[in-house]
>>> print(open('run_33.txt').read())   # compact mmCIF, C-alpha atoms and all ligand atoms
# COMPACT_ATOMS: atom_id res chain seq x y z
CA MET P 1 111.91 125.99 100.55
CA THR P 2 112.16 122.44 99.17
CA SER P 3 115.44 121.39 97.58
CA ILE P 4 113.94 121.29 94.09
CA ALA P 5 112.70 124.87 94.56
CA VAL P 6 116.24 125.90 95.52
CA ALA P 7 117.66 124.07 92.51
CA PHE P 8 115.05 125.78 90.32
CA GLU P 9 116.12 129.20 91.55
CA ASP P 10 119.77 128.32 90.91
CA ALA P 11 118.91 127.18 87.40
CA TYR P 12 116.56 129.96 86.33
CA GLY P 13 117.35 132.91 88.61
CA HIS P 14 113.79 133.23 89.96
CA ALA P 15 111.61 131.24 92.35
CA PRO P 16 109.15 128.66 90.96
CA THR P 17 105.43 129.36 91.11
CA GLY P 18 104.94 125.92 92.63
CA VAL P 19 106.14 122.32 92.91
CA TRP P 20 104.07 119.35 91.71
CA SER P 21 104.79 115.63 91.97
CA ALA P 22 103.44 112.29 90.78
CA PRO P 23 104.43 108.72 91.68
CA GLY P 24 105.66 105.70 89.79
CA ARG P 25 103.50 102.58 90.02
CA VAL P 26 103.52 98.88 90.65
CA ASN P 27 100.86 96.77 89.00
CA LEU P 28 99.55 94.26 91.52
CA ILE P 29 97.92 92.21 88.76
CA GLY P 30 96.49 92.63 85.23
CA GLU P 31 99.33 92.76 82.71
CA HIS P 32 98.83 93.62 79.01
CA THR P 33 95.10 93.75 79.65
CA ASP P 34 94.77 97.56 79.51
CA TYR P 35 95.11 98.03 75.73
CA ASN P 36 92.79 95.01 75.32
CA HIS P 37 90.05 96.95 77.16
CA GLY P 38 90.32 94.65 80.18
CA TYR P 39 90.96 95.13 83.91
CA VAL P 40 94.03 96.26 85.88
CA LEU P 41 94.83 96.67 89.57
CA PRO P 42 97.90 98.90 90.07
CA PHE P 43 98.93 101.12 92.95
CA ALA P 44 101.00 104.29 93.14
CA ILE P 45 104.32 103.85 94.95
CA ASP P 46 106.23 106.05 97.39
CA ARG P 47 108.79 107.05 94.75
CA ARG P 48 107.94 110.28 92.99
CA THR P 49 108.91 112.63 90.18
CA TRP P 50 108.84 116.38 90.92
CA ALA P 51 108.28 119.31 88.63
CA ALA P 52 109.16 122.79 89.88
CA VAL P 53 107.49 125.20 87.49
CA GLY P 54 107.53 128.99 87.10
CA THR P 55 105.46 131.04 84.70
CA ARG P 56 107.00 133.23 81.99
CA ASP P 57 105.51 136.14 80.12
CA ASP P 58 106.07 134.66 76.66
CA ARG P 59 105.04 131.35 74.99
CA THR P 60 108.32 129.49 75.54
CA LEU P 61 108.64 126.23 77.45
CA ARG P 62 112.13 125.89 78.93
CA LEU P 63 112.98 122.44 80.34
CA ARG P 64 115.80 121.30 82.57
CA SER P 65 116.29 118.23 84.74
CA THR P 66 118.61 117.09 87.48
CA PHE P 67 119.55 114.02 85.40
CA ALA P 68 120.51 115.53 82.00
CA ASP P 69 122.74 118.48 81.19
CA ALA P 70 121.06 119.90 78.12
CA GLU P 71 118.34 122.55 78.34
CA VAL P 72 115.45 122.04 75.91
CA THR P 73 113.29 124.91 74.68
CA ALA P 74 110.11 124.81 72.61
CA SER P 75 107.38 127.24 71.63
CA LEU P 76 103.80 126.54 72.67
CA ASP P 77 102.87 127.68 69.16
CA ALA P 78 104.94 125.05 67.38
CA LEU P 79 104.59 121.78 69.30
CA SER P 80 104.67 118.67 67.15
CA PRO P 81 105.34 115.06 68.19
CA GLU P 82 107.76 114.65 65.27
CA GLY P 83 110.28 117.05 66.80
CA MET P 84 110.26 115.48 70.27
CA ASP P 85 112.77 113.02 71.69
CA GLY P 86 114.47 111.92 74.92
CA TRP P 87 113.00 112.68 78.34
CA SER P 88 111.65 116.07 77.22
CA ALA P 89 109.25 114.30 74.80
CA TYR P 90 107.18 113.20 77.82
CA VAL P 91 106.85 116.83 78.98
CA LEU P 92 106.32 118.51 75.62
CA GLY P 93 104.10 115.59 74.58
CA VAL P 94 101.72 116.36 77.43
CA ALA P 95 101.36 120.02 76.35
CA TRP P 96 100.86 118.89 72.75
CA ALA P 97 98.32 116.21 73.77
CA MET P 98 96.29 118.82 75.66
CA GLY P 99 95.93 120.75 72.40
CA GLU P 100 95.05 117.51 70.58
CA ALA P 101 92.30 116.89 73.15
CA GLY P 102 90.71 120.18 72.08
CA ILE P 103 91.84 122.19 75.10
CA ASP P 104 92.33 125.85 74.26
CA LEU P 105 95.93 126.76 75.07
CA SER P 106 95.90 130.09 73.21
CA HIS P 107 96.12 131.99 76.52
CA ALA P 108 98.62 129.63 78.18
CA THR P 109 101.85 131.29 79.33
CA GLY P 110 105.32 129.94 78.73
CA LEU P 111 106.90 128.02 81.62
CA ASP P 112 110.32 127.32 83.11
CA ILE P 113 110.39 123.70 84.30
CA LEU P 114 112.86 121.72 86.40
CA ILE P 115 112.37 117.97 86.78
CA ASP P 116 113.80 115.72 89.48
CA SER P 117 112.92 112.07 90.04
CA GLU P 118 113.47 109.17 92.41
CA VAL P 119 111.56 106.67 90.23
CA PRO P 120 114.22 104.41 88.71
CA VAL P 121 114.28 104.59 84.90
CA GLY P 122 113.99 101.31 82.96
CA ALA P 123 112.85 99.37 86.04
CA GLY P 124 109.25 98.89 84.86
CA LEU P 125 107.96 101.26 87.56
CA SER P 126 106.58 103.88 85.16
CA SER P 127 109.03 106.70 85.51
CA SER P 128 107.51 107.98 82.26
CA ALA P 129 103.94 108.14 83.62
CA ALA P 130 105.22 109.83 86.79
CA LEU P 131 106.80 112.54 84.63
CA GLU P 132 103.73 112.96 82.41
CA CYS P 133 101.38 113.16 85.37
CA ALA P 134 103.53 115.58 87.40
CA VAL P 135 103.76 118.06 84.53
CA GLY P 136 100.16 117.43 83.45
CA GLN P 137 98.92 118.42 86.90
CA ALA P 138 101.20 121.48 86.89
CA PHE P 139 100.02 122.60 83.43
CA SER P 140 96.39 122.11 84.41
CA ASP P 141 96.78 124.18 87.59
CA LEU P 142 98.97 126.93 86.13
CA TRP P 143 96.94 127.35 82.94
CA GLY P 144 93.64 127.26 84.87
CA LEU P 145 92.38 124.20 82.98
CA ASP P 146 90.87 122.40 85.97
CA LEU P 147 91.28 118.96 84.38
CA ASP P 148 90.22 115.96 86.47
CA ALA P 149 92.56 113.08 87.29
CA LEU P 150 91.24 110.71 84.63
CA SER P 151 91.42 113.36 81.90
CA LEU P 152 95.04 114.02 82.83
CA ALA P 153 95.73 110.28 82.75
CA ARG P 154 94.28 110.08 79.22
CA ILE P 155 96.40 113.06 78.12
CA GLY P 156 99.52 111.36 79.52
CA ARG P 157 98.68 108.22 77.59
CA VAL P 158 98.27 110.13 74.33
CA ALA P 159 101.65 111.79 74.94
CA GLU P 160 103.23 108.38 75.44
CA ASN P 161 101.52 106.86 72.38
CA ARG P 162 102.15 109.71 69.96
CA ALA P 163 105.15 111.74 71.16
CA VAL P 164 107.16 108.79 72.47
CA GLY P 165 105.74 106.17 70.11
CA ALA P 166 104.87 103.43 72.62
CA PRO P 167 101.46 101.73 72.00
CA THR P 168 100.71 101.56 75.73
CA GLY P 169 97.36 101.57 77.57
CA LEU P 170 96.00 103.67 80.43
CA LEU P 171 97.33 101.59 83.34
CA ASP P 172 100.40 103.60 84.32
CA GLN P 173 98.92 107.09 84.08
CA ALA P 174 95.71 106.02 85.87
CA ALA P 175 97.76 104.65 88.78
CA SER P 176 99.95 107.75 88.94
CA MET P 177 96.94 110.10 88.92
CA LEU P 178 94.45 108.12 91.02
CA GLY P 179 96.67 106.39 93.59
CA ARG P 180 95.67 106.54 97.28
CA GLU P 181 97.53 105.55 100.42
CA ASP P 182 96.98 101.87 101.34
CA HIS P 183 94.82 101.32 98.24
CA ALA P 184 95.14 99.90 94.75
CA VAL P 185 93.24 101.37 91.79
CA PHE P 186 90.81 98.99 90.11
CA LEU P 187 90.37 100.26 86.56
CA ASP P 188 88.03 98.93 83.91
CA CYS P 189 89.92 99.96 80.78
CA ASP P 190 86.80 99.64 78.63
CA THR P 191 84.47 101.96 80.54
CA GLU P 192 87.43 103.80 82.11
CA GLN P 193 85.65 103.64 85.48
CA ALA P 194 88.05 103.43 88.41
CA ARG P 195 87.66 102.78 92.12
CA PRO P 196 90.04 102.37 95.06
CA VAL P 197 90.45 98.90 96.57
CA ALA P 198 91.77 98.66 100.15
CA LEU P 199 94.92 96.51 100.44
CA HIS P 200 95.13 96.14 104.25
CA LEU P 201 98.84 95.34 104.05
CA ARG P 202 99.82 96.94 107.36
CA GLU P 203 96.99 95.28 109.32
CA GLU P 204 98.17 91.92 107.98
CA SER P 205 101.86 92.71 108.67
CA LEU P 206 102.65 92.36 104.98
CA GLN P 207 105.01 94.34 102.77
CA ILE P 208 105.58 94.56 99.05
CA LEU P 209 109.07 93.96 97.75
CA VAL P 210 110.13 95.26 94.36
CA MET P 211 112.87 93.15 92.78
CA ASN P 212 114.48 95.17 89.98
CA SER P 213 116.20 92.79 87.56
CA HIS P 214 118.20 95.59 85.91
CA VAL P 215 117.37 93.99 82.57
CA ASP P 216 116.36 97.03 80.53
CA HIS P 217 113.04 97.20 78.77
CA GLU P 218 111.93 99.63 76.08
CA HIS P 219 108.27 99.98 75.18
CA ALA P 220 108.60 101.99 71.99
CA THR P 221 110.34 99.08 70.28
CA GLY P 222 110.52 95.30 70.30
CA GLY P 223 108.50 92.82 72.27
CA TYR P 224 105.82 95.09 73.70
CA GLY P 225 104.70 96.17 70.24
CA ALA P 226 104.81 92.55 69.04
CA ARG P 227 102.47 91.47 71.87
CA PHE P 228 100.15 94.38 71.09
CA ALA P 229 100.07 93.18 67.45
CA SER P 230 99.39 89.54 68.49
CA CYS P 231 96.40 90.66 70.54
CA GLU P 232 95.04 92.69 67.64
CA ARG P 233 95.51 89.72 65.31
CA GLY P 234 93.78 87.41 67.79
CA ALA P 235 90.81 89.73 68.17
CA ARG P 236 90.50 90.16 64.38
CA THR P 237 90.57 86.40 63.74
CA LEU P 238 88.01 85.77 66.48
CA GLY P 239 85.75 88.49 65.06
CA VAL P 240 85.66 90.58 68.25
CA THR P 241 86.48 94.28 68.63
CA THR P 242 88.66 93.69 71.70
CA LEU P 243 89.83 90.63 73.65
CA ARG P 244 87.71 91.88 76.54
CA GLU P 245 84.80 90.19 74.77
CA VAL P 246 86.39 86.72 75.02
CA THR P 247 85.48 84.84 78.22
CA PRO P 248 87.39 81.96 79.85
CA GLU P 249 84.55 79.67 78.68
CA GLY P 250 85.11 80.88 75.10
CA LEU P 251 88.75 79.76 75.05
CA ASP P 252 88.04 76.29 73.65
CA ASP P 253 86.36 77.82 70.61
CA ALA P 254 89.20 80.33 70.29
CA ARG P 255 91.79 77.52 70.24
CA ALA P 256 90.17 76.04 67.15
CA GLN P 257 90.42 79.35 65.26
CA LEU P 258 93.90 80.56 66.16
CA ASP P 259 97.45 79.42 65.51
CA GLU P 260 99.11 77.97 68.60
CA GLU P 261 101.15 81.06 69.52
CA THR P 262 98.34 83.58 69.04
CA PHE P 263 96.08 81.31 71.10
CA ARG P 264 98.52 81.42 74.02
CA ARG P 265 98.72 85.23 73.79
CA VAL P 266 94.92 85.43 73.83
CA ARG P 267 94.68 82.92 76.70
CA HIS P 268 96.97 85.07 78.81
CA VAL P 269 94.81 88.16 78.33
CA VAL P 270 91.53 86.34 78.93
CA THR P 271 92.69 84.49 82.05
CA GLU P 272 94.51 87.56 83.37
CA ASN P 273 91.30 89.60 83.20
CA GLN P 274 89.59 86.93 85.29
CA ARG P 275 92.50 86.93 87.77
CA VAL P 276 92.12 90.69 88.26
CA LEU P 277 88.42 90.28 89.05
CA ASP P 278 89.21 87.36 91.38
CA THR P 279 91.93 89.40 93.12
CA VAL P 280 89.56 92.30 93.76
CA ALA P 281 87.01 89.87 95.17
CA ALA P 282 89.60 88.04 97.31
CA LEU P 283 90.96 91.30 98.72
CA SER P 284 87.55 92.42 99.90
CA ALA P 285 86.37 89.03 101.14
CA LYS P 286 89.53 87.63 102.69
CA GLY P 287 92.35 90.19 102.56
CA PRO P 288 95.80 90.27 100.96
CA ARG P 289 96.96 86.84 102.15
CA ALA P 290 94.36 85.35 99.81
CA ILE P 291 95.82 86.71 96.57
CA GLY P 292 99.07 84.72 96.45
CA GLU P 293 97.88 81.94 94.15
CA LEU P 294 96.41 84.47 91.72
CA MET P 295 99.73 86.35 91.60
CA ASN P 296 101.66 83.13 91.03
CA ALA P 297 99.25 82.05 88.28
CA SER P 298 99.68 85.44 86.64
CA GLN P 299 103.46 85.06 86.73
CA ALA P 300 103.18 81.58 85.13
CA SER P 301 100.87 82.93 82.43
CA MET P 302 103.26 85.78 81.59
CA ARG P 303 106.16 83.31 81.49
CA ASP P 304 104.56 80.50 79.50
CA ASP P 305 101.70 82.00 77.46
CA PHE P 306 102.59 85.64 76.89
CA GLU P 307 106.37 84.99 77.06
CA ILE P 308 107.35 88.39 78.45
CA THR P 309 109.46 87.40 81.45
CA VAL P 310 113.25 86.95 81.62
CA PRO P 311 115.22 84.33 83.63
CA GLU P 312 116.14 86.90 86.32
CA ILE P 313 112.46 87.65 86.96
CA ASP P 314 111.35 83.98 86.90
CA LEU P 315 114.02 82.92 89.38
CA ALA P 316 113.36 85.92 91.65
CA CYS P 317 109.64 85.06 91.82
CA ASP P 318 110.18 81.32 92.36
CA THR P 319 112.75 81.98 95.08
CA ALA P 320 110.59 84.53 96.86
CA VAL P 321 107.65 82.10 96.97
CA ALA P 322 109.87 79.19 98.05
CA HIS P 323 111.09 81.32 100.99
CA GLY P 324 107.67 82.33 102.26
CA ALA P 325 106.27 85.07 100.02
CA VAL P 326 102.47 85.08 99.80
CA GLY P 327 102.84 85.47 96.02
CA ALA P 328 105.20 86.93 93.42
CA ARG P 329 104.94 88.07 89.81
CA MET P 330 106.52 90.28 87.23
CA THR P 331 105.02 93.77 87.10
CA GLY P 332 104.77 96.08 84.10
CA GLY P 333 105.41 95.64 80.40
CA GLY P 334 107.98 92.85 80.69
CA PHE P 335 111.20 91.84 78.89
CA GLY P 336 113.07 92.90 82.02
CA GLY P 337 112.09 95.47 84.60
CA SER P 338 110.86 94.40 88.01
CA ALA P 339 108.93 91.70 89.83
CA ILE P 340 106.98 92.18 93.05
CA ALA P 341 106.46 89.88 96.00
CA VAL P 342 103.90 90.21 98.79
CA VAL P 343 105.85 89.11 101.88
CA PRO P 344 105.39 88.87 105.65
CA ALA P 345 107.15 91.95 107.05
CA SER P 346 109.11 89.73 109.44
CA ALA P 347 110.54 87.69 106.53
CA ALA P 348 111.20 90.55 104.07
CA ASP P 349 114.97 90.73 104.66
CA ASP P 350 115.45 86.97 104.52
CA ILE P 351 113.42 86.67 101.32
CA ALA P 352 115.38 89.52 99.71
CA ALA P 353 118.66 87.85 100.72
CA ALA P 354 117.49 84.49 99.35
CA VAL P 355 116.56 86.06 96.00
CA THR P 356 119.90 87.85 95.73
CA SER P 357 121.89 84.68 96.42
CA ALA P 358 119.77 82.53 94.10
CA LEU P 359 120.42 84.94 91.23
CA ALA P 360 124.14 85.09 92.06
CA LEU P 361 124.35 81.28 92.17
CA ALA P 362 122.69 81.08 88.76
CA GLY P 363 125.20 83.59 87.36
CA LEU P 364 122.46 86.15 86.72
CA ARG P 365 122.56 89.93 87.19
CA GLU P 366 122.37 91.19 90.78
CA PRO P 367 118.93 92.63 91.54
CA THR P 368 118.10 95.72 93.58
CA ILE P 369 115.41 94.86 96.12
CA PHE P 370 113.40 97.40 98.12
CA THR P 371 109.97 97.82 99.67
CA VAL P 372 107.24 100.07 98.30
CA VAL P 373 104.18 101.48 100.01
CA PRO P 374 100.87 102.24 98.23
CA SER P 375 100.81 106.03 98.08
CA GLN P 376 98.98 109.12 96.93
CA GLY P 377 98.75 110.05 93.26
CA ALA P 378 99.68 113.33 91.56
CA ARG P 379 99.44 116.48 93.68
CA ARG P 380 100.67 120.00 94.16
CA ASP P 381 103.29 119.96 96.92
CA SER P 382 103.89 123.68 97.40
C1 LIG P 401 103.44 99.10 80.35
C2 LIG P 401 102.41 99.94 79.64
F1 LIG P 401 102.75 101.27 79.68
C3 LIG P 401 101.03 99.76 80.24
O1 LIG P 401 100.09 100.48 79.50
C4 LIG P 401 100.66 98.26 80.30
O2 LIG P 401 100.31 97.78 79.03
C5 LIG P 401 101.80 97.46 80.93
O3 LIG P 401 103.05 97.74 80.31
C6 LIG P 401 101.55 95.98 80.85
O4 LIG P 401 100.46 95.65 81.64
O5 LIG P 401 103.60 99.52 81.67
>>> encode(input="run_33.txt", output="structure tokens")
Amino acid sequence: MTSIAVAFEDAYGHAPTGVWSAPGRVNLIGEHTDYNHGYVLPFAIDRRTWAAVGTRDDRTLRLRSTFADAEVTASLDALSPEGMDGWSAYVLGVAWAMGEAGIDLSHATGLDILIDSEVPVGAGLSSSAALECAVGQAFSDLWGLDLDALSLARIGRVAENRAVGAPTGLLDQAASMLGREDHAVFLDCDTEQARPVALHLREESLQILVMNSHVDHEHATGGYGARFASCERGARTLGVTTLREVTPEGLDDARAQLDEETFRRVRHVVTENQRVLDTVAALSAKGPRAIGELMNASQASMRDDFEITVPEIDLACDTAVAHGAVGARMTGGGFGGSAIAVVPASAADDIAAAVTSALALAGLREPTIFTVVPSQGARRDS
């Protein structure tokens, strides 16, 4: 029996019906493009969240986790986003969002749920999507709903938007549901069509370093929402439904119609969409060593135009590139969290050491640096 199944039995006094898991994600490129109906290229990482779940014969959801003491209970007949908070909002939000999507849960049984996770919280690696997708897959299987991966990703997003209150896009949940070993997920957030893109990291002796700045970010408040609002304002002023409709060639016209700050926000989204397309093309034509300049340009755009990076992230990226990384950029929503660097495997330790000492010399917070491997999305483990 897996250790979470043992912990479940200790907690609830009976064995779980099964164990499900879903991964966190790293976004290779395409930041703040998802809610603008643009393109993203994330991959699922080898750090997962597990849900051990057992059925009950009533309509109660009982939730426990290995990281919080309190038990949370809720009735399937009285789920409402208003009453949800803390980590359990992601779980209850998924059940509620299934009902919102028109799925008939009148025959769904209650569940005992135990959550465990190795996705660091607040690191910009989508611990929240990992949780939503792990329980979403479990609910779908146990309630006989047979929902496909993209439908579960959409449900996770609705949970995040409405139960948690963060105006996020589909990026994180799509990566957590659709991830494949050695592949990134290319998602068109307008058509919601997705396809795997081979990364060929191992063949090229490359690794991906995550550099966690330990500067906390929070998507339900603050800067993320402000950037979302800037993009909406930009689109409204330009007379388009979404910024997806603005092309790089259209930026000169846009500049004439927008205030200076909104223009820079729009320019980030428009150029970032193009960089995602160029990255997908470069990966297939030339392989991962060809994407460094695109990653570095993305980092500069997030720093200067979208203004969502912090000094720890900027210095980590610059140092990694100066010491031989193919490319480096912040990943995720920003205002802290993590950066990634594509590095030659033989230089990974030296680059990590150089980043750590550069940040120490600058008097900045000590990062945690580790490698991640593109991995499989949500699944039933046992
Ligand atoms: C966060 C959000 F959850 C995503 O939807 C996406 O907008 C990302 O920030 C920025 O690209 O991870």
>>> closest_atom_pairs(input="run_33.txt", of="chain P", to="ligand LIG 401 (chain P)", cutoff="7 Å", atoms="only C-alpha atoms and all ligand atoms", output="Markdown table")
| residue | atom | partner | partner_atom | distance |
| --- | --- | --- | --- | --- |
| P:Gly30 | CA | P:LIG401 | O4 | 6.1 |
| P:Glu31 | CA | P:LIG401 | O4 | 3.3 |
| P:His32 | CA | P:LIG401 | O4 | 3.7 |
| P:Thr33 | CA | P:LIG401 | O4 | 6.0 |
| P:Asp34 | CA | P:LIG401 | O2 | 5.6 |
| P:Tyr35 | CA | P:LIG401 | O2 | 6.2 |
| P:Gly124 | CA | P:LIG401 | O5 | 6.5 |
| P:Ser126 | CA | P:LIG401 | O5 | 6.3 |
| P:Thr168 | CA | P:LIG401 | O1 | 4.0 |
| P:Gly169 | CA | P:LIG401 | O1 | 3.5 |
| P:Leu170 | CA | P:LIG401 | O1 | 5.3 |
| P:Leu171 | CA | P:LIG401 | O1 | 4.9 |
| P:Asp172 | CA | P:LIG401 | C3 | 5.6 |
| P:Gly332 | CA | P:LIG401 | O5 | 4.4 |
| P:Gly333 | CA | P:LIG401 | O3 | 3.2 |
| P:Gly334 | CA | P:LIG401 | O3 | 7.0 |
>>> write_last_selection(input="run_33.txt", atoms="C-alpha atoms", output="PDB file, in the frame of the given file")
ATOM      1  CA  GLY P  30      96.490  92.630  85.230  1.00  0.00           C
ATOM      2  CA  GLU P  31      99.330  92.760  82.710  1.00  0.00           C
ATOM      3  CA  HIS P  32      98.830  93.620  79.010  1.00  0.00           C
ATOM      4  CA  THR P  33      95.100  93.750  79.650  1.00  0.00           C
ATOM      5  CA  ASP P  34      94.770  97.560  79.510  1.00  0.00           C
ATOM      6  CA  TYR P  35      95.110  98.030  75.730  1.00  0.00           C
ATOM      7  CA  GLY P 124     109.250  98.890  84.860  1.00  0.00           C
ATOM      8  CA  SER P 126     106.580 103.880  85.160  1.00  0.00           C
ATOM      9  CA  THR P 168     100.710 101.560  75.730  1.00  0.00           C
ATOM     10  CA  GLY P 169      97.360 101.570  77.570  1.00  0.00           C
ATOM     11  CA  LEU P 170      96.000 103.670  80.430  1.00  0.00           C
ATOM     12  CA  LEU P 171      97.330 101.590  83.340  1.00  0.00           C
ATOM     13  CA  ASP P 172     100.400 103.600  84.320  1.00  0.00           C
ATOM     14  CA  GLY P 332     104.770  96.080  84.100  1.00  0.00           C
ATOM     15  CA  GLY P 333     105.410  95.640  80.400  1.00  0.00           C
ATOM     16  CA  GLY P 334     107.980  92.850  80.690  1.00  0.00           C
TER      17      GLY P 334
END
>>> closest_atom_pairs(input="run_33.txt", of="region 280-355 of chain P", to="region 184-203 of chain P", cutoff="7 Å", atoms="all atoms listed in the file", output="tab-separated table")
residue	atom	partner	partner_atom	distance
P:Leu283	CA	P:Leu199	CA	6.8
P:Gly287	CA	P:His200	CA	6.8
P:Pro288	CA	P:Leu199	CA	6.3
>>> closest_residue(input="run_33.txt", among="P:Gly363, P:Gly156, P:Gly18, P:Pro248", to="Gln274 (chain P)", atoms="all atoms listed in the file")
P:Pro248
>>> atom_distance(input="run_33.txt", atom1="CA of Leu178 (chain P)", atom2="CA of Arg25 (chain P)")
10.7 Å
>>> atom_distance(input="run_33.txt", atom1="CA of Arg64 (chain P)", atom2="CA of Ile113 (chain P)")
6.2 Å
>>> closest_residue(input="run_33.txt", among="P:Ser213, P:Thr242, P:Ser80, P:Thr66", to="Phe335 (chain P)", atoms="all atoms listed in the file")
P:Ser213
>>> atom_distance(input="run_33.txt", atom1="CA of Glu261 (chain P)", atom2="CA of Asn273 (chain P)")
18.9 Å
>>> residues_near_point(input="run_33.txt", point="(109.6, 91.7, 101.5)", cutoff="10 Å", atoms="all atoms listed in the file", output="list of chain:residue names")
P:Leu206, P:Gln207, P:Ile208, P:Leu209, P:Val210, P:Met211, P:Ala320, P:Gly324, P:Ala325, P:Val326, P:Ile340, P:Ala341, P:Val342, P:Val343, P:Pro344, P:Ala345, P:Ser346, P:Ala347, P:Ala348, P:Asp349, P:Asp350, P:Ile351, P:Ala352, P:Ala353, P:Ile369, P:Phe370, P:Thr371, P:Val372
>>> closest_residue(input="run_33.txt", among="P:Ala130, P:Ala316, P:Val94, P:Leu364", to="Ala163 (chain P)", atoms="all atoms listed in the file")
P:Val94
>>> residues_around(input="run_33.txt", residues="Asp141 (chain P)", least_positions_apart="2", cutoff="12 Å", atoms="only C-alpha atoms", output="PyMOL selection string")
chain P and resi 17-20+53-55+108+134-139+143-149+152+378-380
>>> residues_around(input="run_33.txt", residues="Glu118 (chain P)", least_positions_apart="4", cutoff="9 Å", atoms="only C-alpha atoms", output="JSON, numbers by chain")
{"P": [24, 47, 48, 49, 50, 127]}
>>> residues_around(input="run_33.txt", residues="Asn161 (chain P)", least_positions_apart="6", cutoff="10 Å", atoms="all atoms listed in the file", output="list in words")
Pro81, Gly93, Ala97, Ile155, Pro167, Thr168, Gly169 and Ala220 of chain P
